[in-house]
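**Q** This is final36.txt (compact mmCIF, C-alpha atoms).
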# COMPACT_ATOMS: atom_id res chain seq x y z
CA MET Q 1 109.51 131.30 34.81
CA GLY Q 2 109.28 133.93 32.13
CA ARG Q 3 112.10 135.85 30.56
CA ILE Q 4 113.65 138.61 32.64
CA SER Q 5 114.76 141.98 31.38
CA GLU Q 6 118.41 142.94 31.07
CA ASP Q 7 117.98 145.46 33.92
CA THR Q 8 116.60 142.75 36.22
CA ARG Q 9 119.35 140.36 35.20
CA ALA Q 10 122.01 143.02 35.89
CA ARG Q 11 120.48 143.80 39.33
CA ASN Q 12 120.30 140.09 40.15
CA GLU Q 13 123.94 139.61 39.12
CA GLU Q 14 124.96 142.55 41.34
CA ALA Q 15 122.98 141.06 44.23
CA ILE Q 16 124.58 137.64 43.62
CA ARG Q 17 128.09 139.11 43.51
CA ALA Q 18 127.45 141.11 46.72
CA ALA Q 19 126.09 138.00 48.47
CA MET Q 20 129.03 135.99 47.11
CA ASP Q 21 131.50 138.48 48.59
CA ARG Q 22 129.73 138.41 51.98
CA LEU Q 23 129.66 134.62 52.12
CA LEU Q 24 133.30 134.27 51.08
CA ARG Q 25 134.30 136.79 53.76
CA GLY Q 26 132.65 134.52 56.31
CA ASP Q 27 129.60 136.72 56.92
CA LEU Q 28 127.07 133.89 56.99
CA PRO Q 29 123.42 134.26 57.93
CA PRO Q 30 122.18 132.28 60.93
CA GLY Q 31 121.69 128.68 59.88
CA GLY Q 32 123.37 129.30 56.52
CA LYS Q 33 126.44 127.71 55.00
CA CYS Q 34 128.91 128.82 52.38
CA ASP Q 35 127.08 127.09 49.52
CA LEU Q 36 124.89 127.78 46.48
CA ARG Q 37 121.65 127.39 48.43
CA THR Q 38 122.61 130.16 50.85
CA LEU Q 39 123.98 132.26 47.98
CA ALA Q 40 120.67 132.04 46.14
CA SER Q 41 118.73 132.80 49.31
CA GLU Q 42 120.90 135.81 50.17
CA ALA Q 43 120.72 137.19 46.62
CA GLY Q 44 116.97 136.65 46.36
CA VAL Q 45 117.15 134.51 43.20
CA PRO Q 46 115.93 130.96 42.63
CA ARG Q 47 118.60 128.35 43.22
CA THR Q 48 117.75 126.62 39.94
CA ALA Q 49 119.08 129.65 38.06
CA PHE Q 50 122.61 128.49 38.95
CA TYR Q 51 122.25 125.15 37.15
CA ALA Q 52 122.11 124.11 33.49
CA LYS Q 53 118.71 123.77 31.83
CA LYS Q 54 117.47 121.61 28.98
CA HIS Q 55 115.59 122.63 25.87
CA ARG Q 56 112.49 120.69 24.97
CA ASP Q 57 114.51 118.66 22.50
CA GLY Q 58 116.86 117.55 25.31
CA THR Q 59 119.87 119.70 24.44
CA ALA Q 60 121.54 121.51 27.30
CA ARG Q 61 121.69 125.26 27.75
CA PRO Q 62 123.42 127.15 30.55
CA GLY Q 63 121.40 128.53 33.44
CA PRO Q 64 121.09 132.31 33.58
CA TYR Q 65 123.53 132.61 36.52
CA GLN Q 66 125.49 129.40 36.02
CA HIS Q 67 128.67 131.37 35.30
CA LEU Q 68 128.33 133.04 38.71
CA ALA Q 69 127.87 129.67 40.40
CA GLN Q 70 131.07 128.45 38.74
CA GLU Q 71 132.87 131.63 39.82
CA PHE Q 72 131.63 131.10 43.39
CA GLU Q 73 132.85 127.49 43.41
CA ARG Q 74 136.25 128.53 41.99
CA ARG Q 75 136.71 131.27 44.58
CA LEU Q 76 135.60 128.95 47.39
CA ALA Q 77 138.03 126.25 46.23
CA ALA Q 78 140.85 128.83 46.05
CA LEU Q 79 140.13 129.93 49.63
CA ARG Q 80 140.14 126.33 50.83
CA ASP Q 81 143.41 125.63 48.99
CA ALA Q 82 144.93 128.69 50.66
CA GLY Q 83 143.93 127.30 54.06
CA THR Q 84 141.12 129.79 54.67
CA VAL Q 85 137.70 128.39 55.48
CA PRO Q 86 134.94 131.00 55.24
CA ASP Q 87 132.43 128.80 57.06
CA PRO Q 88 133.41 128.73 60.77
CA ARG Q 89 131.39 125.56 61.30
CA THR Q 90 133.46 123.76 58.69
CA ALA Q 91 136.64 124.92 60.40
CA GLN Q 92 135.25 123.76 63.74
CA ILE Q 93 134.32 120.38 62.27
CA GLU Q 94 137.85 119.96 60.88
CA LYS Q 95 139.35 120.93 64.24
CA LEU Q 96 137.11 118.45 66.05
CA LYS Q 97 138.02 115.70 63.58
CA GLU Q 98 141.71 116.34 64.26
CA ALA Q 99 141.10 116.29 68.02
CA ASN Q 100 139.10 113.08 67.68
CA SER Q 101 141.90 111.47 65.69
CA THR Q 102 144.45 112.50 68.33
CA LEU Q 103 142.28 111.14 71.13
CA LYS Q 104 141.77 107.85 69.29
CA SER Q 105 145.51 107.39 68.86
CA ARG Q 106 146.09 108.19 72.54
CA LEU Q 107 143.38 105.70 73.50
CA ASP Q 108 144.96 103.02 71.31
CA GLN Q 109 148.34 103.70 72.94
CA ARG Q 110 146.83 103.48 76.44
CA ASP Q 111 145.09 100.23 75.54
CA ALA Q 112 148.39 98.78 74.36
CA GLU Q 113 150.12 99.91 77.57
CA LEU Q 114 147.33 98.43 79.66
CA GLU Q 115 147.61 95.09 77.87
CA ALA Q 116 151.39 95.09 78.44
CA LEU Q 117 150.87 95.79 82.16
CA LYS Q 118 148.26 93.04 82.43
CA ASP Q 119 150.68 90.61 80.78
CA PHE Q 120 153.45 91.70 83.17
CA LYS Q 121 151.11 91.20 86.14
CA ARG Q 122 150.16 87.68 84.95
CA ARG Q 123 153.83 86.73 84.53
CA ALA Q 124 154.80 88.24 87.91
CA LEU Q 125 151.99 86.40 89.72
CA SER Q 126 152.96 83.18 87.97
CA GLN Q 127 156.58 83.61 89.05
CA ILE Q 128 155.56 84.43 92.63
CA ALA Q 129 153.33 81.33 92.75
CA ALA Q 130 156.15 79.16 91.36
CA GLN Q 131 158.61 80.61 93.90
CA HIS Q 132 156.11 80.02 96.72
CA LEU Q 133 155.69 76.39 95.68
CA GLU Q 134 159.49 75.98 95.51
CA ILE Q 135 159.89 77.47 99.01
CA GLU Q 136 157.23 75.12 100.40
CA ARG Q 137 158.89 72.13 98.71
CA LEU Q 138 162.29 73.10 100.14
CA ARG Q 139 160.80 73.52 103.64
CA GLU Q 140 159.21 70.10 103.43
CA GLN Q 141 162.46 68.61 102.19
CA ALA Q 142 164.43 70.27 104.99
CA ALA Q 143 161.94 69.07 107.60
CA ALA Q 144 162.11 65.52 106.28
CA VAL Q 145 165.90 65.36 106.45
CA GLY Q 146 165.96 66.49 110.08
CA ASN Q 147 169.52 67.78 110.10
CA VAL Q 148 168.50 71.39 109.40
CA ARG Q 149 168.07 73.60 112.40
CA ARG Q 150 165.92 76.74 112.35
CA LEU Q 151 167.58 79.96 113.37
CA PRO Q 152 165.95 82.00 116.07
CA SER Q 153 163.88 84.88 114.83
CA ARG Q 154 165.45 88.30 115.07
CA ARG Q 155 164.40 90.44 117.98
CA SER Q 156 163.23 93.93 117.17
CA GLY Q 157 165.60 96.71 118.18
CA THR Q 158 168.77 94.56 118.24
CA ALA Q 159 171.35 94.52 115.53
CA PRO Q 160 172.53 91.24 114.00
CA CYS Q 161 175.93 89.86 115.03
CA GLY Q 162 178.88 91.79 113.62
CA SER Q 163 176.72 94.64 112.50
CA CYS Q 164 177.65 98.19 113.20
CA SER Q 165 174.17 99.51 113.10
Will you turn the file into structure tokens for me?

**A**
Amino acid sequence: MGRISEDTRARNEEAIRAAMDRLLRGDLPPGGKCDLRTLASEAGVPRTAFYAKKHRDGTARPGPYQHLAQEFERRLAALRDAGTVPDPRTAQIEKLKEANSTLKSRLDQRDAELEALKDFKRRALSQIAAQHLEIERLREQAAAVGNVRRLPSRRSGTAPCGSCS
């Protein structure tokens, strides 16, 4: 790319600053982000103008609008540090990440509760089975002795002896 005149450079810098202000306010074009690519596109300048160049001998020289790219990055970082995110998609992504983290912790807690309930169920069933076996053993023992008499079953609708109800 050939050299540009001072008038063109001044117009380009004005266009870059105007686009920078729009992007940092959150006025993003459809499909655009708050980044240097969108800034270059909105200002109508090549994106490579924001980056350092090299002379033929390999020494570095600043890009024509590199200072504006650095200013854009500084202002964007300041907005982020202040808690303002000009790109609504970035804010939405952060909000979704927080929600995802919350849901994962709730899921882990539910899994732990479920495991505790399963363990309780196993222990309860084991105790019930042990008690059932003990009852059967005692019944067999009582039947073998022969001196234990079974009580008559309770009739429905009658109160037991000595009961007021």

**Q** For Q:Leu39, work out the shell of residues within 12 Å, counting all atoms listed in the file and skipping chain neighbours fewer than 3 positions away, then give it as number ranges by chain.

**A** Q: 12-13, 15-24, 27-29, 32-36, 42-50, 65, 68-69, 72-73

**Q** Choose the residue, out of Q:Asp57, Q:Lys118, Q:Arg123, Q:Gly26, that has the smallest atom-to-atom separation from Q:Pro88; count all atoms listed in the file.

**A**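 Of all the options, Q:Gly26 lies closest to Q:Pro88.
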
**Q** Have a look at atom CA of Q:Lys53 and atom CA of Q:His67 and let me know their distance in Å, one decimal.

**A**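 Separating atom CA of Q:Lys53 from atom CA of Q:His67 is a distance of 13.0 Å.
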
**Q** Calculate how many Å separate atom CA of Q:Pro64 from atom CA of Q:Arg9, rounding to one decimal.

**A**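 The value is 8.4 Å.
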
**Q** Just how far from atom CA of Q:Gln127 is atom CA of Q:Ala143, in Å to one decimal?

**A**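 Between atom CA of Q:Ala143 and atom CA of Q:Gln127 the gap works out to 24.2 Å.
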
**Q** Could the centre and edge lengths of an axis-aligned box, enclosing all atoms of stretch 110-128 of chain Q in the file with 6 Å extra on each side, be given in Å to one decimal as lines of an AutoDock Vina configuration file?

**A**
center_x = 150.8
center_y = 93.3
center_z = 83.5
size_x = 23.5
size_y = 32.3
size_z = 30.3

**Q** With all atoms listed in the file as the counted atoms, please give the residues lying no more than 12 Å from Q:Ala91, apart from itself and same-chain residues fewer than 5 positions off, as a ChimeraX atom specification.

**A** /Q:26,33-34,80,83-86,96-98
